[in-house]
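See below for my_file-v9.cif, which holds mmCIF, C-alpha atoms.
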data_my_file
#
loop_
_atom_site.label_atom_id
_atom_site.label_comp_id
_atom_site.auth_asym_id
_atom_site.auth_seq_id
_atom_site.Cartn_x
_atom_site.Cartn_y
_atom_site.Cartn_z
CA MET A 1 12.10 -14.86 -11.49
CA ILE A 2 14.70 -17.01 -9.83
CA PRO A 3 13.57 -18.56 -6.52
CA ALA A 4 17.02 -18.10 -4.93
CA LEU A 5 16.94 -14.38 -5.70
CA ALA A 6 13.37 -14.15 -4.38
CA TYR A 7 14.43 -15.77 -1.09
CA ALA A 8 17.37 -13.38 -0.82
CA LEU A 9 14.97 -10.49 -1.46
CA LEU A 10 12.63 -11.75 1.26
CA ALA A 11 15.53 -11.63 3.72
CA LEU A 12 16.64 -8.17 2.55
CA ALA A 13 13.10 -6.76 2.72
CA GLY A 14 12.64 -8.32 6.15
CA ALA A 15 15.85 -6.67 7.36
CA ALA A 16 14.75 -3.32 5.89
CA THR A 17 11.40 -3.64 7.70
CA VAL A 18 13.07 -4.31 11.05
CA TRP A 19 15.59 -1.52 10.48
CA GLY A 20 12.81 0.96 9.72
CA LEU A 21 10.85 0.00 12.83
CA LEU A 22 14.04 0.10 14.90
CA THR A 23 14.84 3.74 14.02
CA ALA A 24 11.19 4.59 14.74
CA VAL A 25 11.41 3.01 18.19
CA LEU A 26 14.73 4.79 18.83
CA ASP A 27 13.05 8.05 17.71
CA LYS A 28 15.63 8.74 14.99
CA PRO A 29 15.27 9.71 11.34
CA PRO A 30 16.71 7.10 8.95
CA GLY A 31 20.49 7.28 8.61
CA LYS A 32 22.64 7.20 5.49
CA ALA A 33 23.49 3.50 5.79
CA GLN A 34 19.81 2.64 6.13
CA LEU A 35 18.84 4.70 3.09
CA LEU A 36 21.62 3.05 1.07
CA PHE A 37 20.48 -0.37 2.24
CA ASP A 38 16.91 0.40 1.13
CA ALA A 39 18.27 1.53 -2.23
CA GLY A 40 20.06 -1.82 -2.42
CA VAL A 41 16.80 -3.65 -1.69
CA TRP A 42 15.25 -1.71 -4.55
CA VAL A 43 18.08 -2.78 -6.89
CA ALA A 44 17.36 -6.40 -5.94
CA THR A 45 13.63 -5.94 -6.70
CA ALA A 46 14.53 -4.32 -10.03
CA VAL A 47 16.78 -7.26 -10.97
CA GLN A 48 14.00 -9.68 -10.01
CA SER A 49 11.39 -7.77 -12.02
CA VAL A 50 13.61 -7.55 -15.11
CA ILE A 51 14.37 -11.28 -14.97
CA GLY A 52 10.70 -12.07 -14.40
CA LEU A 53 9.44 -9.86 -17.22
CA VAL A 54 12.08 -11.15 -19.63
CA ARG A 55 11.10 -14.73 -18.84
CA VAL A 56 7.38 -13.96 -19.31
CA VAL A 57 8.14 -12.33 -22.66
CA ALA A 58 10.25 -15.36 -23.54
CA GLY A 59 7.21 -17.57 -23.03
CA TYR A 60 7.15 -18.69 -19.38
CA ARG A 61 3.59 -18.75 -18.04
CA PRO A 62 3.09 -18.40 -14.25
CA ALA A 63 -0.28 -19.19 -12.63
CA GLU A 64 -1.85 -15.83 -13.46
CA THR A 65 0.25 -14.06 -16.04
CA ALA A 66 -1.48 -10.67 -15.93
CA THR A 67 -1.42 -10.58 -12.13
CA THR A 68 2.24 -11.61 -12.09
CA VAL A 69 3.19 -8.87 -14.54
CA GLY A 70 1.19 -6.37 -12.48
CA TYR A 71 3.08 -7.39 -9.34
CA LEU A 72 6.46 -7.30 -11.11
CA LEU A 73 5.75 -3.70 -12.20
CA ALA A 74 3.98 -2.40 -9.07
CA ILE A 75 6.68 -3.69 -6.72
CA LEU A 76 9.17 -1.33 -8.42
CA VAL A 77 7.53 1.93 -7.32
CA LEU A 78 7.16 1.17 -3.59
CA ILE A 79 10.69 1.79 -2.29
CA PRO A 80 11.42 4.90 -4.43
CA LEU A 81 8.13 6.53 -3.34
CA ALA A 82 8.71 5.61 0.32
CA TRP A 83 12.30 6.87 0.06
CA PHE A 84 11.11 10.24 -1.20
CA TRP A 85 8.25 10.45 1.31
CA ALA A 86 10.50 9.44 4.22
CA ASN A 87 13.08 12.10 3.34
CA THR A 88 10.77 15.07 2.78
CA GLU A 89 9.98 15.11 6.51
CA ARG A 90 12.72 13.36 8.45
CA THR A 91 11.38 12.13 11.78
CA ARG A 92 10.91 8.79 13.53
CA TRP A 93 7.90 8.26 11.25
CA SER A 94 10.21 8.13 8.23
CA GLY A 95 11.38 4.75 9.50
CA VAL A 96 7.80 3.48 9.69
CA VAL A 97 7.18 4.66 6.11
CA LEU A 98 10.28 2.76 4.93
CA ALA A 99 9.16 -0.28 6.93
CA VAL A 100 5.70 -0.22 5.32
CA ALA A 101 7.28 -0.22 1.86
CA ALA A 102 9.75 -2.97 2.75
CA LEU A 103 7.00 -5.13 4.29
CA SER A 104 4.92 -4.66 1.13
CA VAL A 105 7.88 -5.72 -1.01
CA LEU A 106 8.20 -8.80 1.21
CA ALA A 107 4.49 -9.66 0.91
CA MET A 108 4.44 -9.09 -2.84
CA THR A 109 7.57 -11.19 -3.34
CA LEU A 110 5.95 -14.03 -1.38
CA ARG A 111 2.86 -13.80 -3.58
CA LEU A 112 5.02 -13.62 -6.72
CA LEU A 113 6.93 -16.70 -5.63
CA GLN A 114 3.62 -18.53 -5.21
CA LEU A 115 2.35 -17.44 -8.62
CA TRP A 116 5.65 -18.20 -10.31
CA THR A 117 6.08 -21.74 -9.03
CA GLN A 118 2.44 -22.80 -9.47
CA VAL A 119 1.62 -24.70 -12.61
CA PRO A 120 -1.02 -22.69 -14.53
CA ALA A 121 -4.53 -24.07 -14.07
CA MET B 122 10.59 22.03 16.09
CA SER B 123 6.90 21.49 16.80
CA SER B 124 7.36 22.53 20.43
CA THR B 125 7.58 26.18 19.33
CA GLN B 126 3.94 26.21 18.25
CA PRO B 127 2.06 24.05 20.74
CA ALA B 128 -1.35 25.58 19.93
CA GLN B 129 -1.46 24.34 16.34
CA PRO B 130 -2.52 20.75 15.67
CA PRO B 131 -0.22 18.82 13.29
CA ARG B 132 -0.93 18.93 9.58
CA THR B 133 -2.64 15.82 8.17
CA SER B 134 0.53 14.89 6.27
CA SER B 135 2.86 15.41 9.22
CA GLY B 136 4.21 13.07 11.91
CA PRO B 137 2.15 9.85 12.09
CA GLY B 138 0.07 11.31 9.26
CA ARG B 139 3.07 10.61 7.07
CA VAL B 140 2.57 6.88 7.67
CA LEU B 141 -1.18 7.18 7.11
CA VAL B 142 -0.64 8.86 3.73
CA ALA B 143 1.93 6.17 2.82
CA VAL B 144 -0.49 3.35 3.65
CA TYR B 145 -3.31 5.08 1.75
CA GLY B 146 -0.95 5.43 -1.21
CA LEU B 147 -0.11 1.76 -0.98
CA PHE B 148 -3.78 0.82 -1.12
CA ALA B 149 -4.43 3.29 -3.91
CA LEU B 150 -1.76 1.49 -5.90
CA SER B 151 -2.82 -2.05 -5.07
CA ALA B 152 -6.58 -1.54 -5.54
CA THR B 153 -6.09 0.35 -8.80
CA ALA B 154 -3.57 -2.15 -10.17
CA ARG B 155 -5.81 -5.04 -9.15
CA ALA B 156 -8.81 -3.42 -10.84
CA ALA B 157 -6.79 -2.72 -13.99
CA VAL B 158 -5.59 -6.32 -14.27
CA GLN B 159 -9.06 -7.71 -13.55
CA LEU B 160 -10.91 -5.35 -15.87
CA ALA B 161 -8.46 -6.14 -18.65
CA THR B 162 -8.43 -9.91 -18.32
CA GLN B 163 -11.46 -11.34 -16.50
CA PHE B 164 -14.17 -8.69 -16.57
CA ASP B 165 -16.82 -11.14 -17.83
CA GLU B 166 -16.51 -13.41 -14.80
CA ALA B 167 -17.58 -10.96 -12.11
CA PRO B 168 -17.94 -7.39 -13.35
CA LEU B 169 -19.41 -6.16 -10.05
CA ALA B 170 -16.43 -7.21 -7.96
CA TYR B 171 -14.01 -5.67 -10.44
CA LEU B 172 -15.90 -2.40 -10.65
CA LEU B 173 -15.83 -2.32 -6.86
CA SER B 174 -12.05 -2.72 -7.00
CA ALA B 175 -11.91 0.26 -9.34
CA VAL B 176 -14.17 2.34 -7.07
CA ALA B 177 -12.04 1.35 -4.07
CA GLY B 178 -8.92 2.39 -5.97
CA LEU B 179 -10.45 5.77 -6.77
CA VAL B 180 -11.51 6.34 -3.15
CA TYR B 181 -7.98 5.49 -1.96
CA ILE B 182 -6.40 7.81 -4.54
CA VAL B 183 -8.63 10.71 -3.47
CA ALA B 184 -7.95 10.04 0.23
CA THR B 185 -4.18 9.82 -0.38
CA VAL B 186 -4.00 13.11 -2.27
CA THR B 187 -6.30 15.06 0.04
CA LEU B 188 -4.61 13.79 3.23
CA ALA B 189 -1.23 14.72 1.74
CA ARG B 190 -2.46 18.24 0.89
CA GLY B 191 -4.37 18.89 4.10
CA ASP B 192 -5.86 22.31 3.37
CA ARG B 193 -9.47 23.11 4.31
CA ALA B 194 -11.10 21.91 1.11
CA SER B 195 -8.87 18.81 1.06
CA ARG B 196 -9.86 17.93 4.61
CA ARG B 197 -13.52 18.04 3.63
CA VAL B 198 -13.01 15.86 0.55
CA ALA B 199 -10.83 13.48 2.59
CA THR B 200 -13.61 13.09 5.16
CA VAL B 201 -16.16 12.23 2.46
CA ALA B 202 -13.75 9.79 0.75
CA ILE B 203 -12.91 8.03 4.01
CA VAL B 204 -16.57 7.75 5.07
CA LEU B 205 -17.27 6.21 1.64
CA GLU B 206 -14.33 3.87 2.22
CA LEU B 207 -15.75 2.80 5.60
CA ILE B 208 -19.20 2.21 4.10
CA GLY B 209 -17.59 0.32 1.22
CA VAL B 210 -15.51 -2.03 3.32
CA LEU B 211 -18.43 -2.74 5.69
CA THR B 212 -20.93 -3.30 2.86
CA VAL B 213 -18.69 -5.33 0.56
CA GLY B 214 -17.22 -7.16 3.56
CA THR B 215 -20.66 -8.18 4.83
CA LEU B 216 -22.03 -9.10 1.38
CA SER B 217 -18.96 -11.16 0.55
CA VAL B 218 -19.37 -13.14 3.77
CA VAL B 219 -23.17 -13.55 3.49
CA ASP B 220 -23.21 -14.27 -0.26
CA PRO B 221 -19.76 -15.45 -1.41
CA ALA B 222 -21.16 -16.40 -4.82
CA ALA B 223 -21.72 -12.71 -5.61
CA PHE B 224 -17.99 -12.11 -5.09
CA PRO B 225 -16.17 -15.06 -6.63
CA ARG B 226 -13.03 -12.99 -7.10
CA ALA B 227 -11.43 -11.10 -4.25
CA THR B 228 -11.55 -7.33 -4.02
CA VAL B 229 -9.55 -5.36 -1.44
CA TRP B 230 -12.73 -5.12 0.64
CA SER B 231 -13.81 -8.79 0.42
CA ALA B 232 -14.31 -10.35 3.86
CA TYR B 233 -13.42 -6.96 5.40
CA GLY B 234 -9.98 -7.02 3.76
CA VAL B 235 -8.82 -10.38 5.11
CA GLY B 236 -6.38 -10.69 2.18
CA TYR B 237 -4.69 -7.50 3.37
CA ALA B 238 -4.52 -8.40 7.08
CA PHE B 239 -7.75 -6.41 7.74
CA VAL B 240 -5.87 -3.15 7.14
CA PRO B 241 -8.74 -1.94 4.87
CA LEU B 242 -11.10 -2.20 7.87
CA VAL B 243 -8.80 -0.39 10.30
CA LEU B 244 -7.57 2.28 7.87
CA PRO B 245 -10.79 4.37 7.55
CA VAL B 246 -11.21 4.40 11.34
CA LEU B 247 -7.64 5.64 11.77
CA GLY B 248 -8.18 8.13 8.96
CA LEU B 249 -11.27 9.66 10.57
CA LEU B 250 -9.62 9.75 14.00
CA TRP B 251 -6.60 11.46 12.46
CA LEU B 252 -8.77 14.07 10.72
CA ARG B 253 -10.42 14.75 14.08
CA HIS B 254 -7.08 14.97 15.84
CA THR B 255 -5.69 17.45 13.29
CA ARG B 256 -8.82 19.63 13.20
CA PRO B 257 -7.88 23.34 13.04
CA THR B 258 -8.48 24.97 16.42
CA SER B 259 -10.03 28.19 15.13
#
Would you put the structure from the file into structure tokens?
Amino acid sequence: MIPALAYALLALAGAATVWGLLTAVLDKPPGKAQLLFDAGVWVATAVQSVIGLVRVVAGYRPAETATTVGYLLAILVLIPLAWFWANTERTRWSGVVLAVAALSVLAMTLRLLQLWTQVPA
Amino acid sequence: MSSTQPAQPPRTSSGPGRVLVAVYGLFALSATARAAVQLATQFDEAPLAYLLSAVAGLVYIVATVTLARGDRASRRVATVAIVLELIGVLTVGTLSVVDPAAFPRATVWSAYGVGYAFVPLVLPVLGLLWLRHTRPTS
């Protein structure tokens, strides 16, 4: 992981969360721009996970290596699954589904950042 | 669209149910992944807590799938799974507060799910209410 990328991802995931909740409040299904933005957030998570996994393989040891690897892998499936689930029934609730995934990506990135920057016990 | 058939309750996977299934799926993933990591690396330290994570993961998986399907049999299985979930979070939550030494490592249900913003405590209640709300009329 690279902290700067993680911070950028936190901002992107935060924006995706707000956007999802906004379309839900406005009673609209997610629009094309929003879906593209969420896809972009996923690309950022994928870049982060690849960098993280490569660095772990190369020998970097975060606080809890197994947990970190688990997070780096699990974080990848959230947005694609939410994307699919939000599009198979397009209502205001699609936005909430996307927001749930984005908020989870945000929370997991925060936790990853913690694990990554802690010196192993 | 739904206004054309006002007599029928929504399917369990429809409308707000969509969000419920998504959150159940999220917990299925996190509890299962947590259990897998813990069972693989630190099983000796607190096997009970880790097995509970695995059981929680299984309960969440069953609830996710059955709520997404929503047919008669699925609704029944979903009800059982969610009642188990409620019992689990209340039991593990209480034990982990009363006797923290028995649960040195966190599970999703430790301290009523404090590590997950108490969503594990609220989720089964919402799940049961939703099953009630979507009960077939006939």
- Please evaluate the PyMOL selection byres ((chain B) within 12 of (chain A)) against the structure above and give the resulting residues as a ChimeraX atom specification. /B:122-123,132,134-163,189,236-238
- Message: My list of candidates is B:Gly191, B:Gly178, B:Tyr233, B:Ala170. Which is closest to Pro130 in chain B when distances are computed with only C-alpha atoms?
- Response: B:Gly191
- Name the residues captured by the PyMOL selection byres ((chain A and resi 108-111) around 10) when it is applied to the shown file; answer as a VMD selection string. chain A and resid 6 to 7 9 to 10 13 45 48 68 71 to 72 74 to 75 102 to 107 112 to 116
- Using only C-alpha atoms, which of the listed residues (B:Tyr181, B:Arg197, B:Leu173, B:Leu249) sits closest to Val213 in chain B?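 Of all the options, B:Leu173 lies closest to Val213 in chain B.
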Skip range 241-246 of chain B itself and residues of its chain fewer than 4 positions away, then list as a PDB file with C-alpha atoms, keeping the file's coordinate frame all residues within 7 Å of it, counting only C-alpha atoms.
ATOM      1  CA  ILE B 203     -12.910   8.030   4.010  1.00  0.00           C
ATOM      2  CA  GLU B 206     -14.330   3.870   2.220  1.00  0.00           C
ATOM      3  CA  LEU B 207     -15.750   2.800   5.600  1.00  0.00           C
ATOM      4  CA  VAL B 210     -15.510  -2.030   3.320  1.00  0.00           C
ATOM      5  CA  TRP B 230     -12.730  -5.120   0.640  1.00  0.00           C
ATOM      6  CA  TYR B 233     -13.420  -6.960   5.400  1.00  0.00           C
ATOM      7  CA  GLY B 234      -9.980  -7.020   3.760  1.00  0.00           C
ATOM      8  CA  LEU B 250      -9.620   9.750  14.000  1.00  0.00           C
TER       9      LEU B 250
END
- Identify, on the basis of only C-alpha atoms, every residue whose closest approach to Val47 in chain A does not exceed 9 Å; exclude the query and any residue fewer than 4 positions from it along the same chain; express the result as a list in words. Met1, Leu5, Trp42, Val43, Ile51 and Gly52 of chain A
- Query: In Å to one decimal, how far is CA of Ala223 in chain B from CA of Leu169 in chain B?
  - Reply: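 According to the coordinates, CA of Leu169 in chain B and CA of Ala223 in chain B are separated by 8.2 Å.
With CA of Asp220 in chain B on one side and CA of Ile208 in chain B on the other, the separation reads 17.5 Å.
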- Mind giving me the straight-line distance from CA of Leu53 in chain A to CA of Ala177 in chain B in Å, one decimal?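 Taking CA of Leu53 in chain A and CA of Ala177 in chain B, their separation equals 27.6 Å.
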- Query: Counting only C-alpha atoms, which residues come within 10 Å of (-15.4, -8.9, -4.4), with the point read in the file's coordinates, and could you list them as a PyMOL selection string?
  - Reply: chain B and resi 167-174+213-214+216-217+221-232+234
- Message: Using all atoms listed in the file, which protein or nucleic acid residues come within 12 Å of Ser195 in chain B? Drop anything in the same chain fewer than 5 positions from it, and give the result as a list in words.
- Response: Arg132, Thr133, Ser134, Val183, Ala184, Thr185, Val186, Thr187, Leu188, Ala189, Arg190, Thr200, Val201, Ala202, Ile203 and Leu252 of chain B
Limited to C-alpha atoms, could you put the picked residues into a file as a PDB file, in the frame of the given file?
ATOM      1  CA  ARG B 132      -0.930  18.930   9.580  1.00  0.00           C
ATOM      2  CA  THR B 133      -2.640  15.820   8.170  1.00  0.00           C
ATOM      3  CA  SER B 134       0.530  14.890   6.270  1.00  0.00           C
ATOM      4  CA  VAL B 183      -8.630  10.710  -3.470  1.00  0.00           C
ATOM      5  CA  ALA B 184      -7.950  10.040   0.230  1.00  0.00           C
ATOM      6  CA  THR B 185      -4.180   9.820  -0.380  1.00  0.00           C
ATOM      7  CA  VAL B 186      -4.000  13.110  -2.270  1.00  0.00           C
ATOM      8  CA  THR B 187      -6.300  15.060   0.040  1.00  0.00           C
ATOM      9  CA  LEU B 188      -4.610  13.790   3.230  1.00  0.00           C
ATOM     10  CA  ALA B 189      -1.230  14.720   1.740  1.00  0.00           C
ATOM     11  CA  ARG B 190      -2.460  18.240   0.890  1.00  0.00           C
ATOM     12  CA  THR B 200     -13.610  13.090   5.160  1.00  0.00           C
ATOM     13  CA  VAL B 201     -16.160  12.230   2.460  1.00  0.00           C
ATOM     14  CA  ALA B 202     -13.750   9.790   0.750  1.00  0.00           C
ATOM     15  CA  ILE B 203     -12.910   8.030   4.010  1.00  0.00           C
ATOM     16  CA  LEU B 252      -8.770  14.070  10.720  1.00  0.00           C
TER      17      LEU B 252
END
